[in-house]
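Peer 1: Would you mind keeping the following structure in view while I ask a few things?
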Amino acid sequence: MAGRLQDKVAVITGGGSGMGRATVLRFLDEGARVMVADINEANGRETVAIAKAGGAGDRVDFVKVDVTSEAEVAAMVVATESSLGPLDIAYLNAGVGGAFGPIAETSVADWDYTFAVLTRSVFLGMKHASIAMRKHGRGGAILSTASIAGMVGGAGSHAYSAAKAAVISVTENVAVELAPYKIRVNAIAPGIISTPLLHRGRPERYEAQFARTPWPERGEGEHIAAAAVFLCSDDARFVTGETMRVDGGILAQGIAVWGAGKDNPFLRTAGVNHGSTGTPMTVRTLDPPA
C-alpha cells in the first residue's frame, strides 16, 4: 500500500537528531523523499546512513545548513529540489534550548541567538519554502516546531518561551496569507520529549519532569513524527493555522513543568543551550535567590 506521503518531497531542518531524525525516518516509511538539513554534519550524515540501512535508497539526502542565514536557507531549498524534486513539505524543526537564567542575567547576545535559531529560522524557512511551492503551483505544507512553552508561563525559560510564542503567531498569520495558494501552514507544540536537546545524553536527570506528564508514557520523538505525518498529509487538507499540542496532557493538567519560584532550575543557573549543534552549552551557577 502507498504511504500517506507517497512521492512527496520534504525538507526537515534539525533532521540530524531527536524529533527531526524520528520524523525523517517516519516520512521515508510513508513514501516521501526527504532532505535531512542540519548544522551538525556528523548527526545529519548519521541520520542518512540509518535511513539508507533501512532501505531508503536514493530517497534521502543531506545538506548542511545554518538556519539563521537567509543565503543558506535559500540554498537548502534549491539543494532539495535539485536532488529530490519540487518541494511539497517543509518541516522547520531546528532548535536549541537557547538562553536561560533570570532576566537580569540574560545577555543581549544570548537573547538574539535564541530568537535567531528559534524564530528567524522559521520566518526564513516559510519565506523560501513558500516561494518554491508557489512557483510549481501544486500547493504544499509548511510545518514548524513550536512548544507548549509558547502557550503558558512556567513551561520553559523566558527567552525560549517568547521565541516559541512568536512561532505560533507567525504560523497563524502566514497560514492566512498562503491559503489561496493551497499552502497549509501549521505547527506542533511538543511537551516534555526525550531528545538530546532536553537531556543532552542523560535522560535519567529529567525523570521528575517526565513524571509530570499525565499520559503514562515518556514523550518520544516518534510521537512528534506521527503528528507531523498527519499535518503534512492530505488527511489534514482542511487544517491550516493550527498549533497542535502533542504533550501527553501536561498543559491540560495546568502545572508548572519545571517547578515554581525558587524550585525552577532556570533561575538557579544562567547561560545558553546550543542544543545538538555541536557547540558546547555554557552555564554558570548563580547564588540562591533571596
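Residue numbering restarts at 1 in every chain; chains get A, B, ... in the order shown in the C-alpha cells, and ligands count up from 1 in that same order.
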Which residues are close to A:Gly95, i.e. within 12 Å by only C-alpha atoms, leaving aside same-chain residues fewer than 4 positions away? Reply as a ChimeraX atom specification.
Peer 2: /A:12-20,38-40,66-68,91,113-122,144-147,160,163-164,167,195-198,273-277
Peer 1: Can I get the selection written as a PDB file, in the first residue's frame, with C-alpha atoms?
Peer 2:
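As a result, part-v2.pdb now contains:
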```pdb
ATOM      1  CA  ILE A  12      13.360  18.678   7.559  1.00  0.00           C
ATOM      2  CA  THR A  13      15.599  21.091   9.429  1.00  0.00           C
ATOM      3  CA  GLY A  14      17.188  19.767  12.586  1.00  0.00           C
ATOM      4  CA  GLY A  15      16.832  16.363  10.936  1.00  0.00           C
ATOM      5  CA  GLY A  16      20.088  15.065  12.387  1.00  0.00           C
ATOM      6  CA  SER A  17      18.771  14.053  15.802  1.00  0.00           C
ATOM      7  CA  GLY A  18      15.828  13.858  18.163  1.00  0.00           C
ATOM      8  CA  MET A  19      12.384  14.712  16.827  1.00  0.00           C
ATOM      9  CA  GLY A  20      13.879  15.650  13.468  1.00  0.00           C
ATOM     10  CA  ASP A  38      21.232  20.200   9.920  1.00  0.00           C
ATOM     11  CA  ILE A  39      24.141  22.361  11.038  1.00  0.00           C
ATOM     12  CA  ASN A  40      25.697  19.296  12.686  1.00  0.00           C
ATOM     13  CA  ASP A  66      22.724  27.304   9.295  1.00  0.00           C
ATOM     14  CA  VAL A  67      19.006  28.065   9.630  1.00  0.00           C
ATOM     15  CA  THR A  68      19.727  31.604  10.834  1.00  0.00           C
ATOM     16  CA  TYR A  91       9.253  20.937   8.354  1.00  0.00           C
ATOM     17  CA  TYR A 113      20.905  33.932  19.389  1.00  0.00           C
ATOM     18  CA  THR A 114      17.795  32.262  20.834  1.00  0.00           C
ATOM     19  CA  PHE A 115      15.445  34.219  18.591  1.00  0.00           C
ATOM     20  CA  ALA A 116      17.659  33.726  15.553  1.00  0.00           C
ATOM     21  CA  VAL A 117      17.604  29.937  15.828  1.00  0.00           C
ATOM     22  CA  LEU A 118      14.015  29.535  17.013  1.00  0.00           C
ATOM     23  CA  THR A 119      12.125  32.328  15.251  1.00  0.00           C
ATOM     24  CA  ARG A 120      14.193  33.872  12.441  1.00  0.00           C
ATOM     25  CA  SER A 121      14.767  30.354  11.108  1.00  0.00           C
ATOM     26  CA  VAL A 122      11.022  29.764  10.869  1.00  0.00           C
ATOM     27  CA  SER A 144       7.105  24.314  12.369  1.00  0.00           C
ATOM     28  CA  THR A 145       8.058  23.139  15.824  1.00  0.00           C
ATOM     29  CA  ALA A 146       6.587  25.451  18.450  1.00  0.00           C
ATOM     30  CA  SER A 147       6.264  24.391  22.108  1.00  0.00           C
ATOM     31  CA  TYR A 160      12.740  30.184  24.718  1.00  0.00           C
ATOM     32  CA  ALA A 163      10.537  32.759  20.786  1.00  0.00           C
ATOM     33  CA  LYS A 164       8.111  29.837  20.583  1.00  0.00           C
ATOM     34  CA  VAL A 167       6.388  30.863  16.089  1.00  0.00           C
ATOM     35  CA  THR A 195      15.530  14.108  22.974  1.00  0.00           C
ATOM     36  CA  PRO A 196      19.201  15.143  23.107  1.00  0.00           C
ATOM     37  CA  LEU A 197      18.077  18.787  23.109  1.00  0.00           C
ATOM     38  CA  LEU A 198      16.476  18.203  26.516  1.00  0.00           C
ATOM     39  CA  ASN A 273      21.901  25.895  25.476  1.00  0.00           C
ATOM     40  CA  HIS A 274      23.104  25.282  21.901  1.00  0.00           C
ATOM     41  CA  GLY A 275      21.207  22.007  21.582  1.00  0.00           C
ATOM     42  CA  SER A 276      22.691  19.364  19.287  1.00  0.00           C
ATOM     43  CA  THR A 277      24.543  21.839  17.063  1.00  0.00           C
TER      44      THR A 277
END
```
Peer 1: Out of stretch 59-148 of chain A, which residues get alpha helix (DSSP H) from DSSP, as a ChimeraX atom specification?
Peer 2: /A:70-84,108-115,121-136
Peer 1: Only C-alpha atoms, please: the residues just picked out, written as a PDB file, in the first residue's frame.
Peer 2:
```
ATOM      1  CA  GLU A  70      18.959  33.534   4.649  1.00  0.00           C
ATOM      2  CA  ALA A  71      21.502  32.583   1.981  1.00  0.00           C
ATOM      3  CA  GLU A  72      21.899  29.102   3.449  1.00  0.00           C
ATOM      4  CA  VAL A  73      18.149  28.539   3.871  1.00  0.00           C
ATOM      5  CA  ALA A  74      17.552  29.586   0.263  1.00  0.00           C
ATOM      6  CA  ALA A  75      20.349  27.260  -0.848  1.00  0.00           C
ATOM      7  CA  MET A  76      18.805  24.446   1.210  1.00  0.00           C
ATOM      8  CA  VAL A  77      15.563  24.705  -0.744  1.00  0.00           C
ATOM      9  CA  VAL A  78      17.459  24.759  -4.052  1.00  0.00           C
ATOM     10  CA  ALA A  79      19.514  21.723  -2.992  1.00  0.00           C
ATOM     11  CA  THR A  80      16.366  19.829  -2.007  1.00  0.00           C
ATOM     12  CA  GLU A  81      14.684  20.429  -5.343  1.00  0.00           C
ATOM     13  CA  SER A  82      17.847  19.677  -7.300  1.00  0.00           C
ATOM     14  CA  SER A  83      18.318  16.361  -5.518  1.00  0.00           C
ATOM     15  CA  LEU A  84      14.782  15.122  -4.908  1.00  0.00           C
ATOM     16  CA  VAL A 108      21.560  40.597  24.563  1.00  0.00           C
ATOM     17  CA  ALA A 109      23.763  38.249  22.544  1.00  0.00           C
ATOM     18  CA  ASP A 110      22.191  35.138  24.098  1.00  0.00           C
ATOM     19  CA  TRP A 111      18.668  36.554  23.648  1.00  0.00           C
ATOM     20  CA  ASP A 112      19.354  37.361  19.983  1.00  0.00           C
ATOM     21  CA  TYR A 113      20.905  33.932  19.389  1.00  0.00           C
ATOM     22  CA  THR A 114      17.795  32.262  20.834  1.00  0.00           C
ATOM     23  CA  PHE A 115      15.445  34.219  18.591  1.00  0.00           C
ATOM     24  CA  SER A 121      14.767  30.354  11.108  1.00  0.00           C
ATOM     25  CA  VAL A 122      11.022  29.764  10.869  1.00  0.00           C
ATOM     26  CA  PHE A 123      10.499  33.072   9.062  1.00  0.00           C
ATOM     27  CA  LEU A 124      13.268  32.227   6.585  1.00  0.00           C
ATOM     28  CA  GLY A 125      12.014  28.690   6.075  1.00  0.00           C
ATOM     29  CA  MET A 126       8.463  29.862   5.464  1.00  0.00           C
ATOM     30  CA  LYS A 127       9.688  32.541   3.076  1.00  0.00           C
ATOM     31  CA  HIS A 128      11.818  30.351   0.857  1.00  0.00           C
ATOM     32  CA  ALA A 129       9.668  27.218   1.011  1.00  0.00           C
ATOM     33  CA  SER A 130       6.608  29.248   0.003  1.00  0.00           C
ATOM     34  CA  ILE A 131       8.471  30.833  -2.904  1.00  0.00           C
ATOM     35  CA  ALA A 132       9.311  27.382  -4.241  1.00  0.00           C
ATOM     36  CA  MET A 133       5.821  25.989  -3.632  1.00  0.00           C
ATOM     37  CA  ARG A 134       4.103  28.910  -5.321  1.00  0.00           C
ATOM     38  CA  LYS A 135       6.437  28.571  -8.298  1.00  0.00           C
ATOM     39  CA  HIS A 136       5.452  24.986  -9.031  1.00  0.00           C
TER      40      HIS A 136
END
```
Peer 1: Please return as a list in words: the residues of stretch 50-139 of chain A that backbone DSSP assigns to strand (DSSP E or B).
Peer 2: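 Written out, the strand (DSSP E or B) residues of stretch 50-139 of chain A are Val60, Asp61, Phe62, Val63, Lys64, Ile89, Ala90, Tyr91, Leu92, Gly98, Ala99 and Phe100 of chain A.
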Peer 1: For the selection just defined, write its residues with N, CA and C atoms to a file, as a PDB file, in the first residue's frame.
Peer 2:
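Below is the file that was written, out_29.pdb:
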```pdb
ATOM      1  N   VAL A  60      16.737   9.747   0.135  1.00  0.00           N
ATOM      2  CA  VAL A  60      17.172  10.587   1.246  1.00  0.00           C
ATOM      3  C   VAL A  60      18.513  11.201   0.919  1.00  0.00           C
ATOM      4  N   ASP A  61      18.716  12.444   1.349  1.00  0.00           N
ATOM      5  CA  ASP A  61      19.964  13.161   1.097  1.00  0.00           C
ATOM      6  C   ASP A  61      20.209  14.096   2.285  1.00  0.00           C
ATOM      7  N   PHE A  62      21.379  14.710   2.296  1.00  0.00           N
ATOM      8  CA  PHE A  62      21.747  15.613   3.391  1.00  0.00           C
ATOM      9  C   PHE A  62      22.283  16.926   2.855  1.00  0.00           C
ATOM     10  N   VAL A  63      21.925  18.024   3.520  1.00  0.00           N
ATOM     11  CA  VAL A  63      22.512  19.324   3.240  1.00  0.00           C
ATOM     12  C   VAL A  63      22.826  19.995   4.572  1.00  0.00           C
ATOM     13  N   LYS A  64      24.013  20.543   4.678  1.00  0.00           N
ATOM     14  CA  LYS A  64      24.376  21.290   5.880  1.00  0.00           C
ATOM     15  C   LYS A  64      23.814  22.695   5.766  1.00  0.00           C
ATOM     16  N   ILE A  89       6.824  19.691   1.076  1.00  0.00           N
ATOM     17  CA  ILE A  89       6.720  19.797   2.527  1.00  0.00           C
ATOM     18  C   ILE A  89       7.998  20.413   3.078  1.00  0.00           C
ATOM     19  N   ALA A  90       7.850  21.385   3.955  1.00  0.00           N
ATOM     20  CA  ALA A  90       8.988  21.925   4.704  1.00  0.00           C
ATOM     21  C   ALA A  90       8.653  21.830   6.179  1.00  0.00           C
ATOM     22  N   TYR A  91       9.426  21.040   6.905  1.00  0.00           N
ATOM     23  CA  TYR A  91       9.253  20.937   8.354  1.00  0.00           C
ATOM     24  C   TYR A  91      10.391  21.699   9.003  1.00  0.00           C
ATOM     25  N   LEU A  92      10.060  22.861   9.577  1.00  0.00           N
ATOM     26  CA  LEU A  92      11.037  23.788  10.151  1.00  0.00           C
ATOM     27  C   LEU A  92      11.181  23.457  11.632  1.00  0.00           C
ATOM     28  N   GLY A  98      18.550  27.465  23.952  1.00  0.00           N
ATOM     29  CA  GLY A  98      18.713  28.913  23.999  1.00  0.00           C
ATOM     30  C   GLY A  98      19.057  29.447  25.379  1.00  0.00           C
ATOM     31  N   ALA A  99      18.855  30.743  25.534  1.00  0.00           N
ATOM     32  CA  ALA A  99      19.228  31.434  26.765  1.00  0.00           C
ATOM     33  C   ALA A  99      18.336  31.007  27.925  1.00  0.00           C
ATOM     34  N   PHE A 100      18.941  30.874  29.099  1.00  0.00           N
ATOM     35  CA  PHE A 100      18.185  30.590  30.308  1.00  0.00           C
ATOM     36  C   PHE A 100      18.803  31.367  31.461  1.00  0.00           C
TER      37      PHE A 100
END
```
